[in-house]
Structures are given as C-alpha cells and as structure tokens.
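Structure below is final_29.txt: compact mmCIF, C-alpha atoms.
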# COMPACT_ATOMS: atom_id res chain seq x y z
CA MET A 1232 -16.77 12.45 -2.50
CA GLU A 1233 -17.52 8.82 -3.09
CA THR A 1234 -13.97 8.31 -4.29
CA VAL A 1235 -12.66 9.61 -0.99
CA LEU A 1236 -14.90 7.32 1.03
CA VAL A 1237 -13.99 4.23 -0.98
CA ALA A 1238 -10.31 5.07 -0.80
CA LEU A 1239 -10.59 5.79 2.90
CA LYS A 1240 -12.28 2.44 3.50
CA ASP A 1241 -9.77 0.50 1.38
CA SER A 1242 -6.78 2.18 2.95
CA LEU A 1243 -8.09 1.55 6.46
CA ILE A 1244 -8.66 -2.11 5.62
CA LEU A 1245 -5.09 -2.30 4.35
CA SER A 1246 -3.85 -0.65 7.53
CA VAL A 1247 -5.74 -3.13 9.71
CA LYS A 1248 -4.30 -6.05 7.73
CA LEU A 1249 -0.83 -4.65 8.20
CA PHE A 1250 -1.51 -4.14 11.90
CA PHE A 1251 -2.08 -7.86 12.34
CA ILE A 1252 1.29 -8.53 10.75
CA ILE A 1253 3.19 -5.83 12.57
CA LEU A 1254 1.82 -6.55 16.05
CA PRO A 1255 3.16 -10.12 16.45
CA LEU A 1256 6.42 -9.02 14.81
CA SER A 1257 6.99 -6.15 17.20
CA ILE A 1258 6.28 -8.43 20.17
CA PHE A 1259 8.69 -10.97 18.71
CA TYR A 1260 11.34 -8.25 18.27
CA GLU A 1261 11.08 -7.33 21.93
CA PHE A 1262 11.69 -10.94 22.98
CA LEU A 1263 14.58 -11.16 20.57
CA LYS A 1264 16.20 -8.01 21.89
CA GLY A 1265 16.63 -9.62 25.29
CA ARG A 1266 18.15 -12.70 23.74
CA ASP A 1267 20.48 -11.52 21.03
CA SER A 1268 23.28 -10.79 23.52
CA LYS A 1269 23.81 -14.55 23.65
CA LEU A 1270 24.26 -14.87 19.92
CA THR A 1271 27.98 -14.82 19.28
CA LYS A 1272 28.36 -17.59 16.76
CA ARG A 1273 30.63 -17.39 13.77
CA ARG A 1274 28.20 -18.47 11.15
CA PHE A 1275 29.00 -15.59 8.82
CA ALA A 1276 32.77 -15.99 9.05
CA PHE A 1277 33.00 -16.95 5.38
CA LEU A 1278 31.74 -13.48 4.50
CA GLY A 1279 34.40 -11.79 6.62
CA ILE A 1280 31.98 -11.03 9.44
CA SER A 1281 33.18 -12.09 12.89
CA GLY A 1282 31.49 -12.94 16.16
CA SER A 1283 31.25 -9.32 17.25
CA GLY A 1284 29.74 -8.36 13.92
CA PHE A 1285 27.13 -11.04 14.26
CA ILE A 1286 24.77 -9.10 16.52
CA PRO A 1287 24.40 -6.02 14.30
CA LEU A 1288 24.09 -8.30 11.28
CA VAL A 1289 21.30 -10.46 12.69
CA THR A 1290 19.53 -7.45 14.19
CA GLY A 1291 19.55 -5.76 10.81
CA ILE A 1292 18.42 -8.82 8.89
CA ILE A 1293 15.46 -9.38 11.16
CA ILE A 1294 14.47 -5.95 12.47
CA GLY A 1295 15.79 -3.67 9.75
CA LEU A 1296 17.87 -0.55 9.60
CA THR A 1297 15.34 1.96 10.82
CA TYR A 1298 14.13 0.17 13.94
CA GLY A 1299 17.36 -1.70 14.53
CA ALA A 1300 19.47 1.42 14.05
CA GLY A 1301 20.14 1.89 17.75
CA VAL A 1302 21.39 -1.66 18.25
CA ILE A 1303 23.40 -1.65 15.02
CA ILE A 1304 25.11 1.70 15.56
CA HIS A 1305 25.84 0.86 19.19
CA SER A 1306 27.30 -2.57 18.54
CA ILE A 1307 29.42 -1.44 15.58
CA ARG A 1308 30.81 1.49 17.58
CA THR A 1309 31.47 -0.32 20.84
CA SER A 1310 32.75 -3.69 19.62
CA ASN A 1311 36.08 -4.29 17.92
CA VAL A 1312 34.53 -4.41 14.48
CA GLY A 1313 37.02 -2.99 11.97
CA LYS A 1314 36.21 -0.52 9.20
CA LYS A 1315 36.26 -3.20 6.56
CA GLU A 1316 34.03 -5.50 8.53
CA ALA A 1317 31.60 -2.68 9.28
CA PHE A 1318 31.37 -2.02 5.56
CA LEU A 1319 30.72 -5.69 4.83
CA ILE A 1320 27.98 -5.80 7.47
CA LEU A 1321 26.32 -2.69 6.10
CA LEU A 1322 26.70 -3.97 2.55
CA PHE A 1323 24.97 -7.21 3.46
CA LEU A 1324 22.26 -5.29 5.30
CA SER A 1325 21.76 -2.85 2.43
CA ILE A 1326 20.49 -5.68 0.29
CA CYS A 1327 18.94 -7.85 2.94
CA HIS A 1328 17.29 -6.20 5.94
CA ALA A 1329 13.95 -6.20 7.73
CA ILE A 1330 13.45 -9.44 5.91
CA ILE A 1331 10.30 -10.45 7.78
CA GLU A 1332 8.36 -7.21 7.88
CA ASP A 1333 9.27 -5.97 4.40
CA THR A 1334 8.29 -9.30 2.93
CA LEU A 1335 5.04 -9.76 4.81
CA ILE A 1336 3.65 -6.31 4.10
CA PHE A 1337 4.03 -7.00 0.39
CA VAL A 1338 2.61 -10.50 0.73
CA VAL A 1339 -0.52 -8.78 2.05
CA ILE A 1340 -1.01 -7.06 -1.31
CA GLY A 1341 -0.17 -10.18 -3.31
CA ALA A 1342 3.60 -10.72 -3.63
CA ASN A 1343 5.37 -14.09 -3.51
CA GLY A 1344 7.27 -14.07 -0.21
CA ILE A 1345 9.55 -17.05 -0.79
CA ILE A 1346 10.97 -15.56 -3.98
CA LEU A 1347 11.54 -12.25 -2.22
CA ILE A 1348 13.43 -13.73 0.73
CA ALA A 1349 15.46 -16.20 -1.34
CA PHE A 1350 16.48 -13.57 -3.89
CA ARG A 1351 17.57 -11.00 -1.32
CA PHE A 1352 19.54 -13.50 0.77
CA ALA A 1353 21.28 -14.92 -2.28
CA LEU A 1354 22.16 -11.48 -3.66
CA ALA A 1355 23.43 -10.24 -0.28
CA ILE A 1356 25.62 -13.31 0.27
CA ILE A 1357 27.06 -13.25 -3.24
CA LEU A 1358 27.78 -9.53 -3.17
CA THR A 1359 29.33 -9.54 0.31
CA TYR A 1360 31.43 -12.57 -0.57
CA ILE A 1361 32.74 -10.97 -3.76
CA ILE A 1362 33.68 -7.74 -1.97
CA TYR A 1363 35.27 -9.70 0.91
CA ARG A 1364 37.34 -11.82 -1.45
CA SER A 1365 38.27 -9.01 -3.78
CA ARG A 1366 41.28 -6.93 -2.86
CA ILE A 1367 39.34 -3.68 -2.57
CA PHE A 1368 40.09 -3.48 1.16
CA GLY A 1369 43.42 -5.31 1.07
CA THR A 1370 43.85 -9.05 1.35
CA PRO A 1371 41.30 -10.93 3.46
CA GLU A 1372 42.97 -11.88 6.73
CA GLU A 1373 43.21 -15.64 6.97
CA MET B 205 24.87 -26.45 41.89
CA THR B 206 22.09 -28.45 43.49
CA GLY B 207 18.90 -29.49 41.82
CA ALA B 208 16.94 -27.14 44.03
CA ALA B 209 19.02 -24.16 42.94
CA TYR B 210 18.48 -25.10 39.33
CA SER B 211 14.75 -25.36 39.72
CA VAL B 212 14.70 -21.89 41.32
CA ILE B 213 16.60 -20.52 38.34
CA ILE B 214 14.30 -22.26 35.89
CA TYR B 215 11.30 -20.95 37.79
CA GLN B 216 12.69 -17.42 37.63
CA ARG B 217 13.41 -17.75 33.95
CA ILE B 218 9.89 -18.71 33.00
CA LYS B 219 8.14 -16.43 35.48
CA MET B 220 5.46 -14.43 33.70
CA ASP B 221 6.68 -11.24 35.42
CA ASN B 222 9.70 -11.30 33.16
CA TYR B 223 7.69 -11.59 30.01
CA LEU B 224 4.81 -9.24 30.69
CA PRO B 225 6.85 -6.01 30.35
CA VAL B 226 8.36 -7.37 27.15
CA LEU B 227 4.93 -8.27 25.83
CA ARG B 228 3.66 -4.84 26.80
CA ARG B 229 6.54 -3.04 25.08
CA GLY B 230 6.03 -5.15 21.99
CA PHE B 231 2.32 -4.38 21.94
CA ILE B 232 2.83 -0.64 22.41
CA ASN B 233 5.47 -0.59 19.68
CA GLY B 234 3.21 -2.54 17.35
CA VAL B 235 0.33 -0.11 17.88
CA SER B 236 2.54 2.96 17.44
CA ILE B 237 4.15 1.57 14.29
CA THR B 238 0.70 0.88 12.87
CA PHE B 239 -0.40 4.43 13.60
CA THR B 240 2.71 5.86 11.97
CA MET B 241 2.03 3.61 9.01
CA ALA B 242 -1.65 4.42 8.71
CA LYS B 243 -0.84 8.14 8.82
CA VAL B 244 1.15 7.60 5.64
CA ILE B 245 -1.03 5.00 3.94
CA VAL B 246 -4.46 6.63 4.25
CA PRO B 247 -3.64 10.04 2.73
CA PHE B 248 -1.46 8.53 0.01
CA TYR B 249 -4.11 6.03 -0.93
CA ILE B 250 -6.72 8.77 -1.27
CA VAL B 251 -4.39 11.02 -3.27
CA ILE B 252 -3.56 8.17 -5.63
CA GLU B 253 -7.25 7.43 -6.19
CA PHE B 254 -7.70 11.06 -7.19
CA ILE B 255 -4.64 11.13 -9.41
CA LYS B 256 -5.94 8.00 -11.11
CA LYS B 257 -9.08 9.94 -12.08
CA THR B 258 -7.24 12.96 -13.45
CA GLY B 259 -5.22 10.99 -15.96
CA PHE B 260 -1.99 12.32 -14.53
CA ILE B 261 -0.88 8.75 -13.86
CA ALA B 262 -1.12 8.02 -17.56
CA VAL B 263 1.30 10.87 -18.26
CA ILE B 264 3.79 9.57 -15.72
CA SER B 265 3.26 6.01 -16.94
CA ASP B 266 4.05 6.92 -20.52
CA PHE B 267 7.14 8.77 -19.46
CA PHE B 268 8.57 5.83 -17.51
CA LYS B 269 7.21 3.08 -19.74
CA PRO B 270 10.40 2.33 -21.73
CA PHE B 271 12.42 1.97 -18.59
CA MET B 272 9.79 0.12 -16.61
CA GLN B 273 9.41 -2.37 -19.44
CA LEU B 274 12.96 -3.44 -18.73
CA ILE B 275 12.00 -4.52 -15.25
CA GLY B 276 8.70 -5.92 -16.45
CA LEU B 277 6.50 -3.45 -14.64
CA PRO B 278 3.72 -1.26 -16.01
CA GLY B 279 4.59 2.43 -16.23
CA GLU B 280 2.35 3.47 -13.34
CA ALA B 281 4.42 1.36 -10.93
CA ALA B 282 7.18 3.98 -11.31
CA LEU B 283 5.14 6.16 -8.96
CA GLY B 284 5.20 3.42 -6.33
CA LEU B 285 8.94 2.93 -6.70
CA MET B 286 9.58 6.63 -6.27
CA ALA B 287 7.34 6.80 -3.21
CA GLY B 288 9.30 3.90 -1.73
CA TYR B 289 12.70 5.31 -2.58
CA PHE B 290 12.09 8.78 -1.24
CA ILE B 291 9.51 8.27 1.49
CA ASN B 292 9.06 4.74 2.83
CA LEU B 293 7.57 1.34 2.14
CA TYR B 294 4.19 2.25 3.55
CA ALA B 295 3.87 5.09 1.09
CA ALA B 296 4.91 2.69 -1.68
CA ILE B 297 2.29 0.17 -0.64
CA ALA B 298 -0.37 2.85 -0.52
CA VAL B 299 0.54 3.77 -4.09
CA ILE B 300 0.86 0.23 -5.43
CA ALA B 301 -2.19 -1.37 -3.78
CA PRO B 302 -4.83 0.64 -5.69
CA LEU B 303 -3.10 -0.01 -9.02
CA GLU B 304 -4.21 -3.67 -8.94
CA LEU B 305 -1.08 -5.16 -10.45
CA SER B 306 -0.52 -8.87 -11.04
CA SER B 307 1.24 -11.04 -8.47
CA LYS B 308 4.36 -11.08 -10.64
CA ASP B 309 4.42 -7.30 -10.87
CA ILE B 310 3.93 -6.89 -7.14
CA THR B 311 6.69 -9.39 -6.40
CA ILE B 312 9.12 -7.55 -8.68
CA ALA B 313 8.16 -4.19 -7.20
CA ALA B 314 8.51 -5.65 -3.70
CA LEU B 315 11.97 -6.97 -4.48
CA ILE B 316 13.13 -3.62 -5.83
CA LEU B 317 11.59 -1.77 -2.91
CA GLY B 318 12.82 -4.26 -0.32
CA ILE B 319 16.41 -3.67 -1.38
CA SER B 320 16.06 0.05 -1.78
CA HIS B 321 13.65 2.17 0.25
CA SER B 322 13.46 5.13 2.66
CA LEU B 323 16.77 6.26 1.21
CA PRO B 324 17.03 9.64 2.97
CA LEU B 325 16.35 8.08 6.38
CA GLU B 326 18.36 4.90 6.01
CA THR B 327 21.34 6.66 4.46
CA ALA B 328 21.40 8.89 7.53
CA VAL B 329 21.38 5.81 9.75
CA THR B 330 24.14 4.16 7.73
CA LYS B 331 26.26 7.31 8.03
CA GLN B 332 26.14 7.02 11.81
CA THR B 333 28.02 3.72 11.67
CA GLY B 334 30.98 5.47 10.03
CA VAL B 335 31.00 3.66 6.70
CA ASN B 336 30.71 5.25 3.27
CA ALA B 337 26.95 5.81 3.21
CA TRP B 338 26.76 7.39 -0.24
CA LEU B 339 28.53 4.45 -1.81
CA LEU B 340 26.15 2.05 -0.09
CA MET B 341 23.16 4.07 -1.22
CA SER B 342 24.31 3.89 -4.83
CA VAL B 343 24.91 0.16 -4.42
CA ARG B 344 21.37 -0.26 -3.15
CA VAL B 345 19.70 1.70 -5.94
CA PHE B 346 21.80 -0.01 -8.59
CA PHE B 347 21.21 -3.52 -7.31
CA SER B 348 17.53 -2.95 -6.64
CA LEU B 349 16.95 -2.10 -10.30
CA LEU B 350 19.29 -4.83 -11.51
CA SER B 351 17.44 -7.36 -9.33
CA GLY B 352 14.19 -6.22 -10.87
CA VAL B 353 15.57 -6.89 -14.35
CA ILE B 354 16.95 -10.29 -13.31
CA LEU B 355 13.77 -11.42 -11.56
CA ASN B 356 11.75 -10.32 -14.56
CA VAL B 357 13.92 -12.43 -16.87
CA ILE B 358 13.86 -15.45 -14.52
CA TRP B 359 10.09 -15.18 -14.12
CA LYS B 360 9.59 -15.14 -17.88
CA LEU B 361 11.83 -18.20 -18.27
CA PHE B 362 9.82 -20.24 -15.78
CA SER B 363 6.33 -19.33 -16.91

Whole structure, structure tokens version:
Amino acid sequence: METVLVALKDSLILSVKLFFIILPLSIFYEFLKGRDSKLTKRRFAFLGISGSGFIPLVTGIIIGLTYGAGVIIHSIRTSNVGKKEAFLILLFLSICHAIIEDTLIFVVIGANGIILIAFRFALAIILTYIIYRSRIFGTPEE
Amino acid sequence: MTGAAYSVIIYQRIKMDNYLPVLRRGFINGVSITFTMAKVIVPFYIVIEFIKKTGFIAVISDFFKPFMQLIGLPGEAALGLMAGYFINLYAAIAVIAPLELSSKDITIAALILGISHSLPLETAVTKQTGVNAWLLMSVRVFFSLLSGVILNVIWKLFS
C-alpha cells in the first residue's frame, strides 16, 4: 500500500512539473497558429522544400505530428506540394518534430536538451538532403 | 494611408480582445493535454513501481541487456523504449522516471524516443498525408536506434 502512495505522489509531482511546461507551450502554439499563415519564406529550399511546404514543416517541427496533424494534413493536401516534396517534409518531420515539448519533458527528468535538439536537427537535415540529392525520386529540379 | 488610419490599425492589432480568446484556448488546451498526460503517467508509474518489486524487470533487463549495451543503456530502459514506441512519450517518461538513470542514459533514451514514439498513432497521421507511411515508420525506428548508438559513442569519446 505504501508503494502505491509513494508512486502516486511521485507521479503526480511529475505531472505537475510537466503541466508547467505544457501550459506556456500550448498558449504559445495558439499564438503561433494565427501567425504561421504569414510564413512563406524559402529557408528550406536547399532541402527541396518550397514556400508552400514551409508551413507544414515549421508546424511539425514546433508543434509535432499529433497536435499539428490537422494543419499538416490540410496544408499538404491543399497546397501545390508534390509527392516528392511531401515525402521530404514528412521525412524531415519523422526525425525532428515537436522539438520543444519532446525535449522539455525529458529535461524535466534529467536529459541534456541542447544535445537532443542539435542531434535531431542535424540528423534530419543530413537525411533529407541526402534523399533530396539522391536520384531516388528522379533528378532534383533546379 | 494616413497616420491616423495606421494608428487605428495598430490599436486594433494590439487590442487585448484579440488575444484573450487565443490565451483562453491555449490555457484550455494546456489543461486538457496535462489531464490526458496524467491519465497515462500516474497508472504507469504505479505499475512500474510494482513490477520493480516483483523482479520481473530484472528478467526483461537481462533479456535486452546485450542489445541495450550497444546503445549504452541499462537493460531496464528497454521497457521505457517499448512504452514510448507503442504507446506515447508520457508512458515512456512514467516508466523511465522511477528507474533513476544517469543524465547520459536519460539523454540517450530521450533522443531515441524523440525520433521514434507513438508509432501506431503517428503512422496513422502520416498515412493521411498520402506518403509511404510504413517506409517512414521503418526509417524512424532504424534511425532512432542508430542515433542512440552514435550518441553513446560520441558521449564516451568526450567524457
């Protein structure tokens, strides 16, 4: 019985800690949602991801696949993102998504956040670049 | 446009009325996410505490030890990885937190789990976008484990 109580207490403390991380994030997400329609830069062009692919990409990186699913699915379906580009976006996001929340909830239990973010970004960029440059989906249009 | 028109626009932009609903939505979402999370974390945490007492973890640990050694994690972390892969990150955290691993171990586990988690759910989401979801899922699992191995090697080199 004591085990249950201790575990209950510890798990509730952990939940409260996570709450204080998730709350500001979810408020931040809501602000971002109203703004990301203005983001149409071509910063990821070197990875084969165009302006119209930028919104689902940034949404995924920051919010993640589960909560950002609506935005991502909608923008990939409605914009003129090709099949190859959609794959590149999803490939990048597979490795590197929900970068803030995923990282912070592990920092709470003792992980090194900088290593986590740097490693995932680097791996996602390298992998997407290799697939974009390789001829798997035909020659990259230049 | 005149200066007056601009100032009206600026006033409208920063009006609190525009931000309050956003703030409210954010707050409600935050609370509901936390509840969803706690519903997973609390029972898992308790179950893991019990399993720790029964010695079942030791059995699982021994089984996964050779493989886990490759990624520099103790055998019992395999349970956390599986919880993360098949359920979600909150379940994984509930499993990993009571194990009291070192910061290095938690960072490696977090890297693996960050790349690859909630596979049933997220593969379903990926499918909706029309790309090859199974291929992407395999890519994720493969690279999550590979990243674990690489980070383990790098960590050893620098410490």

Distance cut-off 7 Å, counting all atoms listed in the file - which residues of chain A neighbour chain B? Return them as a compact mmCIF listing (two decimals) with C-alpha atoms, keeping the file's coordinate frame.
# COMPACT_ATOMS: atom_id res chain seq x y z
CA VAL A 1235 -12.66 9.61 -0.99
CA ALA A 1238 -10.31 5.07 -0.80
CA LEU A 1239 -10.59 5.79 2.90
CA SER A 1242 -6.78 2.18 2.95
CA LEU A 1243 -8.09 1.55 6.46
CA SER A 1246 -3.85 -0.65 7.53
CA PHE A 1250 -1.51 -4.14 11.90
CA ILE A 1253 3.19 -5.83 12.57
CA LEU A 1254 1.82 -6.55 16.05
CA SER A 1257 6.99 -6.15 17.20
CA ILE A 1258 6.28 -8.43 20.17
CA GLU A 1261 11.08 -7.33 21.93
CA PHE A 1262 11.69 -10.94 22.98
CA LEU A 1296 17.87 -0.55 9.60
CA THR A 1297 15.34 1.96 10.82
CA ALA A 1300 19.47 1.42 14.05
CA ILE A 1304 25.11 1.70 15.56
CA ILE A 1307 29.42 -1.44 15.58
CA ARG A 1308 30.81 1.49 17.58
CA ALA A 1317 31.60 -2.68 9.28
CA PHE A 1318 31.37 -2.02 5.56
CA LEU A 1322 26.70 -3.97 2.55
CA SER A 1325 21.76 -2.85 2.43
CA ILE A 1326 20.49 -5.68 0.29
CA CYS A 1327 18.94 -7.85 2.94
CA ASP A 1333 9.27 -5.97 4.40
CA PHE A 1337 4.03 -7.00 0.39
CA ILE A 1340 -1.01 -7.06 -1.31
CA GLY A 1341 -0.17 -10.18 -3.31
CA ALA A 1342 3.60 -10.72 -3.63
CA ASN A 1343 5.37 -14.09 -3.51
CA LEU A 1347 11.54 -12.25 -2.22

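Between Ala1329 in chain A and the candidates A:Ile1362, A:Ile1345, A:Ile1303, A:Ile1293, the tightest atom-to-atom separation, counting all atoms listed in the file, involves A:Ile1293.
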
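The spacing separating CA of Glu1332 in chain A from CA of Gly1291 in chain A amounts to 11.7 Å.
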
Exercise for the section: Measuring atom to atom with all atoms listed in the file, identify which of B:Ile261, B:Lys256, B:Trp359, B:Phe290 is nearest to Pro278 in chain B. Expected result: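 Distance minimum relative to Pro278 in chain B lands on B:Ile261.
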
Problem - CA of Glu1316 in chain A to CA of Thr1334 in chain A, distance in Å rounded to a single decimal - result: 26.6 Å

Exercise for the section: Can you work out the spacing between CA of Val1247 in chain A and CA of Thr240 in chain B in Å, to one decimal? Expected result: 12.5 Å

Practice task
Around the point (30.0, -7.5, 7.5) in the file's coordinates, collect all residues with an atom within 9 Å, using all atoms listed in the file, and return them as a PyMOL selection string.
Solution key: chain A and resi 1275+1278-1281+1284-1285+1287-1288+1312+1315-1324+1359+1363
